[in-house]
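The file coords-v3.tsv contains TSV, C-alpha atoms:
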```
chain	number	residue	atom	x	y	z
Z	1	MET	CA	-74.78	178.91	50.57
Z	2	LEU	CA	-73.61	180.22	47.18
Z	3	LEU	CA	-75.40	183.52	47.80
Z	4	THR	CA	-73.64	183.93	51.17
Z	5	LEU	CA	-70.28	183.15	49.60
Z	6	ALA	CA	-70.95	185.65	46.82
Z	7	ILE	CA	-71.82	188.37	49.34
Z	8	VAL	CA	-68.63	187.70	51.29
Z	9	VAL	CA	-66.54	187.86	48.11
Z	10	VAL	CA	-68.20	191.11	47.04
Z	11	LEU	CA	-67.58	192.64	50.47
Z	12	ILE	CA	-63.92	191.61	50.36
Z	13	VAL	CA	-63.55	193.10	46.86
Z	14	VAL	CA	-65.21	196.35	47.99
Z	15	ILE	CA	-62.95	196.60	51.04
Z	16	VAL	CA	-59.82	195.95	48.96
Z	17	LEU	CA	-60.83	198.52	46.34
Z	18	PHE	CA	-61.57	201.04	49.08
Z	19	MET	CA	-58.22	200.41	50.75
Z	20	TYR	CA	-56.38	201.03	47.48
Z	21	GLY	CA	-58.60	203.88	46.28
Z	22	TYR	CA	-58.86	206.01	49.42
Z	23	PRO	CA	-55.86	208.38	49.36
Z	24	VAL	CA	-55.72	208.89	53.12
Z	25	PHE	CA	-54.32	205.37	53.54
Z	26	GLY	CA	-51.26	206.42	51.55
Z	27	ARG	CA	-49.25	204.06	49.41
Z	28	ARG	CA	-47.37	200.87	50.20
Z	29	PRO	CA	-43.84	200.72	48.77
Z	30	SER	CA	-43.69	199.28	45.25
Z	31	LYS	CA	-41.91	195.97	44.63
Z	32	ASP	CA	-38.80	197.81	43.43
Z	33	LYS	CA	-38.89	200.14	46.40
Z	34	ALA	CA	-39.50	197.26	48.80
Z	35	LEU	CA	-36.40	195.54	47.40
Z	36	LYS	CA	-34.33	198.62	48.23
Z	37	LEU	CA	-35.88	198.85	51.69
Z	38	SER	CA	-35.03	195.19	52.35
Z	39	ARG	CA	-31.34	196.14	52.42
Z	40	SER	CA	-31.89	197.97	55.70
Z	41	PRO	CA	-30.68	196.13	58.82
Z	42	GLN	CA	-34.08	196.99	60.32
Z	43	PHE	CA	-35.94	195.07	57.59
Z	44	VAL	CA	-36.40	191.50	58.77
Z	45	GLN	CA	-38.69	188.78	57.36
Z	46	GLY	CA	-40.50	191.12	55.00
Z	47	LYS	CA	-41.07	194.13	57.24
Z	48	PHE	CA	-39.36	196.64	59.49
Z	49	GLN	CA	-38.93	195.44	63.06
Z	50	ASN	CA	-37.46	196.65	66.32
Z	51	PRO	CA	-34.10	195.11	67.29
Z	52	VAL	CA	-35.48	194.24	70.73
Z	53	PRO	CA	-38.69	192.20	71.21
Z	54	THR	CA	-41.75	194.41	71.66
Z	55	MET	CA	-45.20	193.39	72.82
Z	56	MET	CA	-47.63	194.79	70.28
Z	57	GLU	CA	-49.86	191.91	69.34
Z	58	MET	CA	-53.33	192.12	70.82
Z	59	ASN	CA	-55.21	188.85	71.33
Z	60	LEU	CA	-59.01	188.82	71.36
Z	61	LYS	CA	-59.26	189.02	75.14
Z	62	THR	CA	-56.89	192.00	75.38
Z	63	THR	CA	-58.55	193.81	72.47
Z	64	MET	CA	-62.02	193.34	73.93
Z	65	GLY	CA	-60.74	194.57	77.29
Z	66	ILE	CA	-59.37	197.75	75.72
Z	67	LEU	CA	-62.62	198.40	73.85
Z	68	ARG	CA	-64.57	197.84	77.07
Z	69	ASP	CA	-62.35	200.25	78.98
Z	70	PHE	CA	-62.72	202.97	76.34
Z	71	THR	CA	-66.51	202.75	76.52
Z	72	LYS	CA	-66.51	203.38	80.27
Z	73	SER	CA	-67.29	206.89	81.42
Z	74	ALA	CA	-64.22	208.85	82.57
Z	75	PRO	CA	-64.71	212.56	83.32
Z	76	ASN	CA	-61.03	213.49	82.97
Z	77	ARG	CA	-60.19	211.64	79.79
Z	78	ARG	CA	-60.52	214.92	77.89
Z	79	PRO	CA	-60.89	218.56	79.03
Z	80	SER	CA	-64.35	219.83	79.89
Z	81	THR	CA	-63.65	223.16	78.10
Z	82	PRO	CA	-61.32	224.19	75.24
Z	83	LEU	CA	-57.71	224.59	76.26
Z	84	VAL	CA	-55.91	227.88	76.79
Z	85	MET	CA	-53.72	228.70	73.78
Z	86	ASP	CA	-51.08	231.31	73.06
Z	87	ALA	CA	-50.13	233.27	69.95
Z	88	PRO	CA	-47.01	231.67	68.43
Z	89	LEU	CA	-43.90	233.44	67.18
Z	90	LEU	CA	-43.61	232.06	63.66
Z	91	GLN	CA	-40.87	234.19	62.14
Z	92	LYS	CA	-37.44	232.81	61.31
Z	93	ASP	CA	-34.36	234.23	63.00
Z	94	THR	CA	-31.06	232.99	64.36
Z	95	GLU	CA	-32.50	232.28	67.82
Z	96	THR	CA	-33.42	228.66	68.53
Z	97	LYS	CA	-37.12	228.45	69.40
Z	98	VAL	CA	-39.68	225.67	69.76
Z	99	THR	CA	-43.42	226.18	69.39
Z	100	TRP	CA	-45.58	223.21	70.35
Z	101	PHE	CA	-49.03	222.91	68.76
Z	102	GLY	CA	-50.34	219.95	70.78
Z	103	HIS	CA	-49.53	216.24	70.55
Z	104	SER	CA	-46.18	216.02	68.69
Z	105	ALA	CA	-46.62	218.82	66.14
Z	106	SER	CA	-43.97	221.49	66.67
Z	107	LEU	CA	-42.21	224.32	64.85
Z	108	LEU	CA	-38.46	224.49	65.38
Z	109	THR	CA	-36.68	227.62	64.23
Z	110	ILE	CA	-32.91	227.28	64.25
Z	111	ASP	CA	-30.13	229.18	62.46
Z	112	GLY	CA	-32.69	231.12	60.45
Z	113	LYS	CA	-34.43	227.93	59.25
Z	114	ALA	CA	-37.97	226.76	59.98
Z	115	LEU	CA	-38.62	223.05	60.53
Z	116	LEU	CA	-42.01	221.46	61.13
Z	117	LEU	CA	-41.87	218.28	63.22
Z	118	ASP	CA	-44.72	215.78	62.69
Z	119	PRO	CA	-47.14	218.54	61.61
Z	120	MET	CA	-50.49	216.96	62.40
Z	121	PHE	CA	-52.85	219.96	62.24
Z	122	GLY	CA	-56.06	218.02	61.56
Z	123	ARG	CA	-59.20	217.63	63.62
Z	124	ALA	CA	-58.62	214.01	64.65
Z	125	PRO	CA	-55.93	211.33	64.10
Z	126	SER	CA	-58.00	208.99	61.99
Z	127	PRO	CA	-58.55	207.98	58.36
Z	128	PHE	CA	-62.06	209.33	58.93
Z	129	PRO	CA	-61.42	212.55	60.91
Z	130	TRP	CA	-64.98	213.82	60.60
Z	131	PHE	CA	-66.12	211.08	63.04
Z	132	GLY	CA	-65.69	211.29	66.80
Z	133	LYS	CA	-64.43	214.03	69.05
Z	134	GLY	CA	-61.75	216.39	67.78
Z	135	ARG	CA	-58.65	217.95	69.31
Z	136	TYR	CA	-58.94	219.38	72.80
Z	137	SER	CA	-58.21	222.96	71.74
Z	138	GLY	CA	-60.93	222.95	69.11
Z	139	GLY	CA	-58.48	224.42	66.62
Z	140	LEU	CA	-54.97	225.81	66.30
Z	141	PRO	CA	-53.52	229.16	67.42
Z	142	PHE	CA	-52.54	230.10	63.85
Z	143	GLU	CA	-53.62	229.75	60.23
Z	144	VAL	CA	-51.51	227.71	57.83
Z	145	ALA	CA	-51.19	230.80	55.62
Z	146	GLU	CA	-49.32	232.51	58.48
Z	147	LEU	CA	-46.52	229.94	58.47
Z	148	PRO	CA	-43.25	231.06	56.92
Z	149	VAL	CA	-41.67	229.09	54.10
Z	150	ILE	CA	-40.84	225.76	55.73
Z	151	ASP	CA	-37.28	224.69	55.01
Z	152	ALA	CA	-38.06	221.09	55.95
Z	153	VAL	CA	-40.82	218.92	57.33
Z	154	VAL	CA	-39.31	216.25	59.57
Z	155	LEU	CA	-41.44	213.12	60.06
Z	156	SER	CA	-40.93	210.35	62.62
Z	157	HIS	CA	-43.35	207.74	61.22
Z	158	ASP	CA	-46.59	207.29	59.32
Z	159	HIS	CA	-49.26	206.92	62.02
Z	160	TYR	CA	-52.27	209.21	61.71
Z	161	ASP	CA	-51.43	211.29	64.77
Z	162	HIS	CA	-48.07	212.21	63.17
Z	163	LEU	CA	-48.62	212.09	59.41
Z	164	ASP	CA	-51.94	213.69	58.48
Z	165	TYR	CA	-53.24	213.69	54.91
Z	166	GLY	CA	-55.18	216.95	55.20
Z	167	SER	CA	-52.27	218.77	56.84
Z	168	ILE	CA	-49.84	217.72	54.11
Z	169	LEU	CA	-52.22	218.95	51.42
Z	170	LYS	CA	-52.42	222.35	53.16
Z	171	ILE	CA	-48.69	222.88	53.71
Z	172	LYS	CA	-46.95	221.06	50.85
Z	173	HIS	CA	-46.82	224.13	48.60
Z	174	LYS	CA	-44.67	226.02	51.10
Z	175	VAL	CA	-42.28	223.19	52.10
Z	176	ASN	CA	-38.82	222.93	50.50
Z	177	LYS	CA	-38.00	219.39	51.67
Z	178	PHE	CA	-39.52	216.42	53.47
Z	179	LEU	CA	-37.06	214.41	55.59
Z	180	VAL	CA	-38.59	211.03	56.43
Z	181	PRO	CA	-37.72	207.48	57.51
Z	182	LEU	CA	-37.49	204.74	54.88
Z	183	GLY	CA	-40.67	204.08	52.91
Z	184	VAL	CA	-42.71	207.05	54.15
Z	185	GLY	CA	-42.05	208.96	50.93
Z	186	GLY	CA	-44.58	206.79	49.10
Z	187	HIS	CA	-47.43	208.31	51.09
Z	188	LEU	CA	-46.25	211.82	50.27
Z	189	GLU	CA	-45.85	211.06	46.57
Z	190	ARG	CA	-49.43	209.79	46.40
Z	191	TRP	CA	-50.53	213.07	47.97
Z	192	GLY	CA	-48.83	215.17	45.32
Z	193	VAL	CA	-45.42	215.92	46.85
Z	194	PRO	CA	-42.77	215.80	44.09
Z	195	SER	CA	-40.27	212.99	44.62
Z	196	GLU	CA	-37.34	215.41	44.36
Z	197	LYS	CA	-38.63	217.13	47.50
Z	198	ILE	CA	-38.48	213.90	49.53
Z	199	ALA	CA	-35.43	212.31	51.15
Z	200	GLU	CA	-35.66	208.99	53.03
Z	201	TYR	CA	-33.24	207.78	55.69
Z	202	ASP	CA	-32.37	204.72	57.75
Z	203	TRP	CA	-31.30	204.60	61.40
Z	204	TRP	CA	-27.89	206.14	62.03
Z	205	ASP	CA	-27.81	207.91	58.66
Z	206	GLU	CA	-26.12	211.30	59.03
Z	207	PHE	CA	-26.41	214.16	56.51
Z	208	THR	CA	-26.41	217.90	56.13
Z	209	TYR	CA	-29.24	219.95	54.69
Z	210	ASP	CA	-29.42	223.70	54.30
Z	211	GLY	CA	-26.59	224.28	56.75
Z	212	LEU	CA	-28.01	221.98	59.46
Z	213	THR	CA	-26.72	218.56	60.47
Z	214	PHE	CA	-29.25	215.74	60.87
Z	215	ALA	CA	-29.12	212.17	62.09
Z	216	CYS	CA	-31.97	209.71	61.68
Z	217	THR	CA	-31.84	207.74	64.92
Z	218	PRO	CA	-33.64	204.69	66.38
Z	219	ALA	CA	-36.99	204.48	68.12
Z	220	THR	CA	-38.89	201.51	69.53
Z	221	HIS	CA	-42.28	201.66	67.85
Z	222	PHE	CA	-44.04	200.42	64.69
Z	223	SER	CA	-45.76	201.77	61.57
Z	224	GLY	CA	-48.85	201.34	59.41
Z	225	ARG	CA	-51.90	203.20	58.14
Z	226	SER	CA	-54.19	200.27	57.29
Z	227	MET	CA	-54.86	196.66	58.14
Z	228	THR	CA	-52.32	195.38	55.61
Z	229	ASP	CA	-49.20	197.58	55.87
Z	230	ARG	CA	-47.86	197.11	59.39
Z	231	GLY	CA	-44.08	197.45	59.33
Z	232	ALA	CA	-44.03	198.48	55.65
Z	233	THR	CA	-42.24	201.74	56.53
Z	234	LEU	CA	-39.66	202.66	59.13
Z	235	TRP	CA	-40.07	204.78	62.30
Z	236	CYS	CA	-37.37	206.90	63.90
Z	237	SER	CA	-36.23	209.73	66.15
Z	238	TRP	CA	-34.16	212.71	64.98
Z	239	VAL	CA	-31.05	214.65	65.93
Z	240	ILE	CA	-30.96	218.22	64.56
Z	241	LYS	CA	-27.80	220.23	65.09
Z	242	GLY	CA	-27.19	223.87	64.19
Z	243	GLU	CA	-24.39	226.30	64.90
Z	244	GLN	CA	-25.65	227.17	68.40
Z	245	SER	CA	-28.06	224.38	69.36
Z	246	ASN	CA	-28.39	220.60	69.41
Z	247	VAL	CA	-31.96	219.28	69.40
Z	248	PHE	CA	-33.41	215.79	69.93
Z	249	PHE	CA	-36.91	214.82	68.75
Z	250	SER	CA	-37.95	211.41	70.08
Z	251	GLY	CA	-40.84	210.59	67.74
Z	252	ASP	CA	-42.89	207.78	69.29
Z	253	SER	CA	-41.02	205.19	71.31
Z	254	GLY	CA	-41.01	202.85	74.21
Z	255	TYR	CA	-38.15	203.17	76.65
Z	256	SER	CA	-35.10	201.18	75.57
Z	257	PRO	CA	-31.28	201.34	75.44
Z	258	HIS	CA	-31.32	203.32	72.18
Z	259	PHE	CA	-31.69	206.56	74.14
Z	260	GLU	CA	-28.41	206.00	75.95
Z	261	ALA	CA	-26.72	205.09	72.65
Z	262	ILE	CA	-27.97	208.32	71.07
Z	263	GLY	CA	-26.76	210.30	74.06
Z	264	ARG	CA	-23.29	208.79	73.80
Z	265	LYS	CA	-23.02	209.51	70.08
Z	266	TYR	CA	-24.77	212.86	69.71
Z	267	GLY	CA	-25.38	214.38	73.15
Z	268	PRO	CA	-25.57	216.59	75.05
Z	269	PHE	CA	-28.74	218.24	73.71
Z	270	ASP	CA	-29.84	221.78	74.47
Z	271	VAL	CA	-33.47	220.67	74.27
Z	272	THR	CA	-35.33	217.39	73.89
Z	273	LEU	CA	-38.87	217.06	72.59
Z	274	MET	CA	-39.69	213.79	74.28
Z	275	GLU	CA	-42.78	211.60	73.94
Z	276	CYS	CA	-44.99	211.76	77.03
Z	277	GLY	CA	-48.57	210.52	76.83
Z	278	GLN	CA	-50.93	207.89	75.36
Z	279	TYR	CA	-49.43	205.15	77.52
Z	280	ASP	CA	-50.88	201.99	79.02
Z	281	LYS	CA	-49.31	198.88	80.56
Z	282	ARG	CA	-50.74	196.87	77.66
Z	283	TRP	CA	-48.60	198.76	75.14
Z	284	ALA	CA	-45.74	199.80	77.43
Z	285	ASP	CA	-43.11	198.52	74.98
Z	286	ILE	CA	-44.00	201.15	72.36
Z	287	HIS	CA	-45.00	204.20	74.46
Z	288	MET	CA	-43.17	205.52	77.50
Z	289	LEU	CA	-44.58	206.29	80.92
Z	290	PRO	CA	-43.89	209.91	82.00
Z	291	GLU	CA	-41.21	208.78	84.41
Z	292	GLU	CA	-39.50	206.98	81.52
Z	293	THR	CA	-39.79	210.17	79.48
Z	294	VAL	CA	-37.66	211.96	82.07
Z	295	GLN	CA	-35.20	209.06	82.23
Z	296	ALA	CA	-34.89	209.02	78.42
Z	297	HIS	CA	-34.16	212.76	78.51
Z	298	MET	CA	-31.36	212.09	80.97
Z	299	ASP	CA	-30.11	209.15	78.89
Z	300	VAL	CA	-29.63	211.35	75.81
Z	301	LYS	CA	-27.97	213.99	78.02
Z	302	GLY	CA	-30.65	216.61	77.57
Z	303	LYS	CA	-30.56	220.02	79.25
Z	304	LEU	CA	-34.15	221.27	78.74
Z	305	LEU	CA	-37.09	218.85	78.44
Z	306	ILE	CA	-40.31	219.70	76.59
Z	307	PRO	CA	-42.86	216.86	76.96
Z	308	ILE	CA	-44.87	216.21	73.78
Z	309	HIS	CA	-47.42	213.62	72.53
Z	310	TRP	CA	-50.13	214.84	74.89
Z	311	GLY	CA	-52.60	217.72	75.16
Z	312	ALA	CA	-54.50	217.21	71.89
Z	313	PHE	CA	-56.20	213.82	71.53
Z	314	THR	CA	-57.44	210.95	73.67
Z	315	LEU	CA	-55.59	207.86	72.48
Z	316	ALA	CA	-55.24	206.14	75.85
Z	317	LEU	CA	-57.18	205.69	79.08
Z	318	HIS	CA	-55.30	207.99	81.47
Z	319	ASP	CA	-56.51	211.44	82.53
Z	320	TRP	CA	-55.63	213.94	79.81
Z	321	PHE	CA	-53.39	215.98	82.15
Z	322	ASP	CA	-51.75	212.97	83.81
Z	323	PRO	CA	-48.72	212.89	81.44
Z	324	VAL	CA	-47.53	216.41	82.17
Z	325	GLU	CA	-48.18	216.26	85.91
Z	326	ARG	CA	-46.24	213.02	86.27
Z	327	ALA	CA	-43.45	214.30	84.04
Z	328	VAL	CA	-43.12	217.53	86.04
Z	329	LYS	CA	-42.99	215.57	89.28
Z	330	ALA	CA	-40.35	213.17	87.95
Z	331	ALA	CA	-38.33	216.06	86.50
Z	332	HIS	CA	-38.25	217.85	89.85
Z	333	GLN	CA	-37.24	214.64	91.64
Z	334	ASN	CA	-34.34	214.18	89.20
Z	335	HIS	CA	-33.31	217.86	89.02
Z	336	VAL	CA	-34.25	218.05	85.34
Z	337	ARG	CA	-35.12	221.42	83.82
Z	338	ILE	CA	-38.55	221.14	82.20
Z	339	ALA	CA	-40.69	223.55	80.16
Z	340	THR	CA	-44.49	223.28	80.03
Z	341	PRO	CA	-45.61	225.71	77.32
Z	342	LYS	CA	-49.24	226.28	76.42
Z	343	ILE	CA	-50.28	225.21	72.94
Z	344	GLY	CA	-48.83	227.83	70.64
Z	345	GLN	CA	-46.50	229.34	73.24
Z	346	THR	CA	-42.98	229.76	71.87
Z	347	VAL	CA	-40.07	228.59	74.02
Z	348	ARG	CA	-36.71	230.34	73.62
Z	349	ILE	CA	-34.34	227.46	74.22
Z	350	HIS	CA	-31.37	229.45	75.50
Z	351	ALA	CA	-33.38	231.94	77.58
Z	352	ASP	CA	-32.84	232.16	81.32
Z	353	GLU	CA	-36.56	231.54	81.89
Z	354	VAL	CA	-38.91	229.11	80.17
Z	355	PRO	CA	-42.68	228.50	80.63
Z	356	ILE	CA	-43.36	226.48	83.76
Z	357	THR	CA	-46.94	227.39	84.70
Z	358	ALA	CA	-49.52	224.65	85.24
Z	359	TRP	CA	-51.73	226.04	82.46
Z	360	TRP	CA	-53.69	222.77	82.15
Z	361	LYS	CA	-55.42	223.70	85.37
Z	362	MET	CA	-56.75	226.89	83.77
Z	363	ARG	CA	-59.90	227.15	81.67
Z	364	GLY	CA	-60.28	228.91	78.34
```
Structure rendered as structure tokens:
Amino acid sequence: MLLTLAIVVVLIVVIVLFMYGYPVFGRRPSKDKALKLSRSPQFVQGKFQNPVPTMMEMNLKTTMGILRDFTKSAPNRRPSTPLVMDAPLLQKDTETKVTWFGHSASLLTIDGKALLLDPMFGRAPSPFPWFGKGRYSGGLPFEVAELPVIDAVVLSHDHYDHLDYGSILKIKHKVNKFLVPLGVGGHLERWGVPSEKIAEYDWWDEFTYDGLTFACTPATHFSGRSMTDRGATLWCSWVIKGEQSNVFFSGDSGYSPHFEAIGRKYGPFDVTLMECGQYDKRWADIHMLPEETVQAHMDVKGKLLIPIHWGAFTLALHDWFDPVERAVKAAHQNHVRIATPKIGQTVRIHADEVPITAWWKMRG
């Protein structure tokens, strides 16, 4: 009995030490920082929470059902061959352009500035990315060295498919500023980003940076990088406004009234990068269905919709191409202008024509 207890204690100690020693997990806010975070209206009962009830807790039956479903064979859950990619236009100029790299990672060039949105460039969204199957494209259509100086990295939250340890290490030397929701700066500091290069914001905070106007806006989601830090940091969407263009980046979110509120306050938007993918009825409160993606675009008064959060990783049970096909169908039914660029293909936001080919039906 004592031997069993000793083994359990040792295992717990090892796990705790690993959780604190492994840098990929990031860093929980310190006590002093947590006290500052607690002043946020979003910080309730010791953690950040959504203002509307969201179903995120998984009981044993639901969890086992999800695990069972993921083990079932499904031929279309990921592509059978690497995806077609395009060569991106990475240079800065005054034209507003968006280049999508798969999932939510995008380069926005606006008013001569270069912004990276949720730059997850790694192999897999996991604390152990060397395990399992990697991104659908097998790689990226550029090398990090080819990126221009990045005026700002804009992060929506700290999940592995949006904030990637390896990617930050590769790009941090060429980034002037990191704009992040409350608490996320601790992860970056642990990874060697100087604190003076990090600025944290709460929902509805408005500010200017390098000639651009930003607003940190709500999202209905959650945060956490380990078993012990759920809700320790905030999640958000972003409004980015330049001289010629107004851009909305949804981050991760379930469909809720916050989209309409953002549209009333900051719309219309020339382009929206709107979450579309990794959905399931069991977590419908925190990820939108494609039809909701289109509705959210209309709620914020968007003009051009670019669906994101798909095309790179299998994080749900639907066919890998289902998000874009359903979004295109819903967009056409609602007379919404939609762009469907290949990974790496640059979209000129104010051009008369944007990419609309069904490239996911092609083979590389």
Top pick for closest residue to Z:Thr213, considering Z:Val239, Z:Ile306, Z:Val347, Z:Leu317 and counting all atoms listed in the file: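 Nearest candidate to Z:Thr213 out of Z:Val239, Z:Ile306, Z:Val347, Z:Leu317: Z:Val239.
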In Å, with one decimal, what is the gap from atom CA of Z:Asp32 to atom CA of Z:Cys236?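 Answer for the atom CA of Z:Asp32 to atom CA of Z:Cys236 separation: 22.4 Å.
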Nearest-residue call for Z:Asp229, choices Z:Pro41, Z:Gly139, Z:Gly183, Z:Pro82, using only C-alpha atoms: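 Of the candidates, the smallest distance to Z:Asp229 is held by Z:Gly183.
You will find atom CA of Z:Val354 at 14.3 Å from atom CA of Z:Asp86.
One distance worth recording is that between atom CA of Z:Trp235 and atom CA of Z:Asn176, which is 21.7 Å.
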Would you mind telling me which residue in Z:Asp280, Z:Ala261, Z:Tyr165, Z:Arg77 lies nearest to Z:Phe321 when using only C-alpha atoms? Z:Arg77
Residue with the minimum atom-to-atom distance to Z:Met298, picked from Z:Leu89, Z:Met227, Z:Val336, Z:Val271 with all atoms listed in the file counted, is Z:Val336
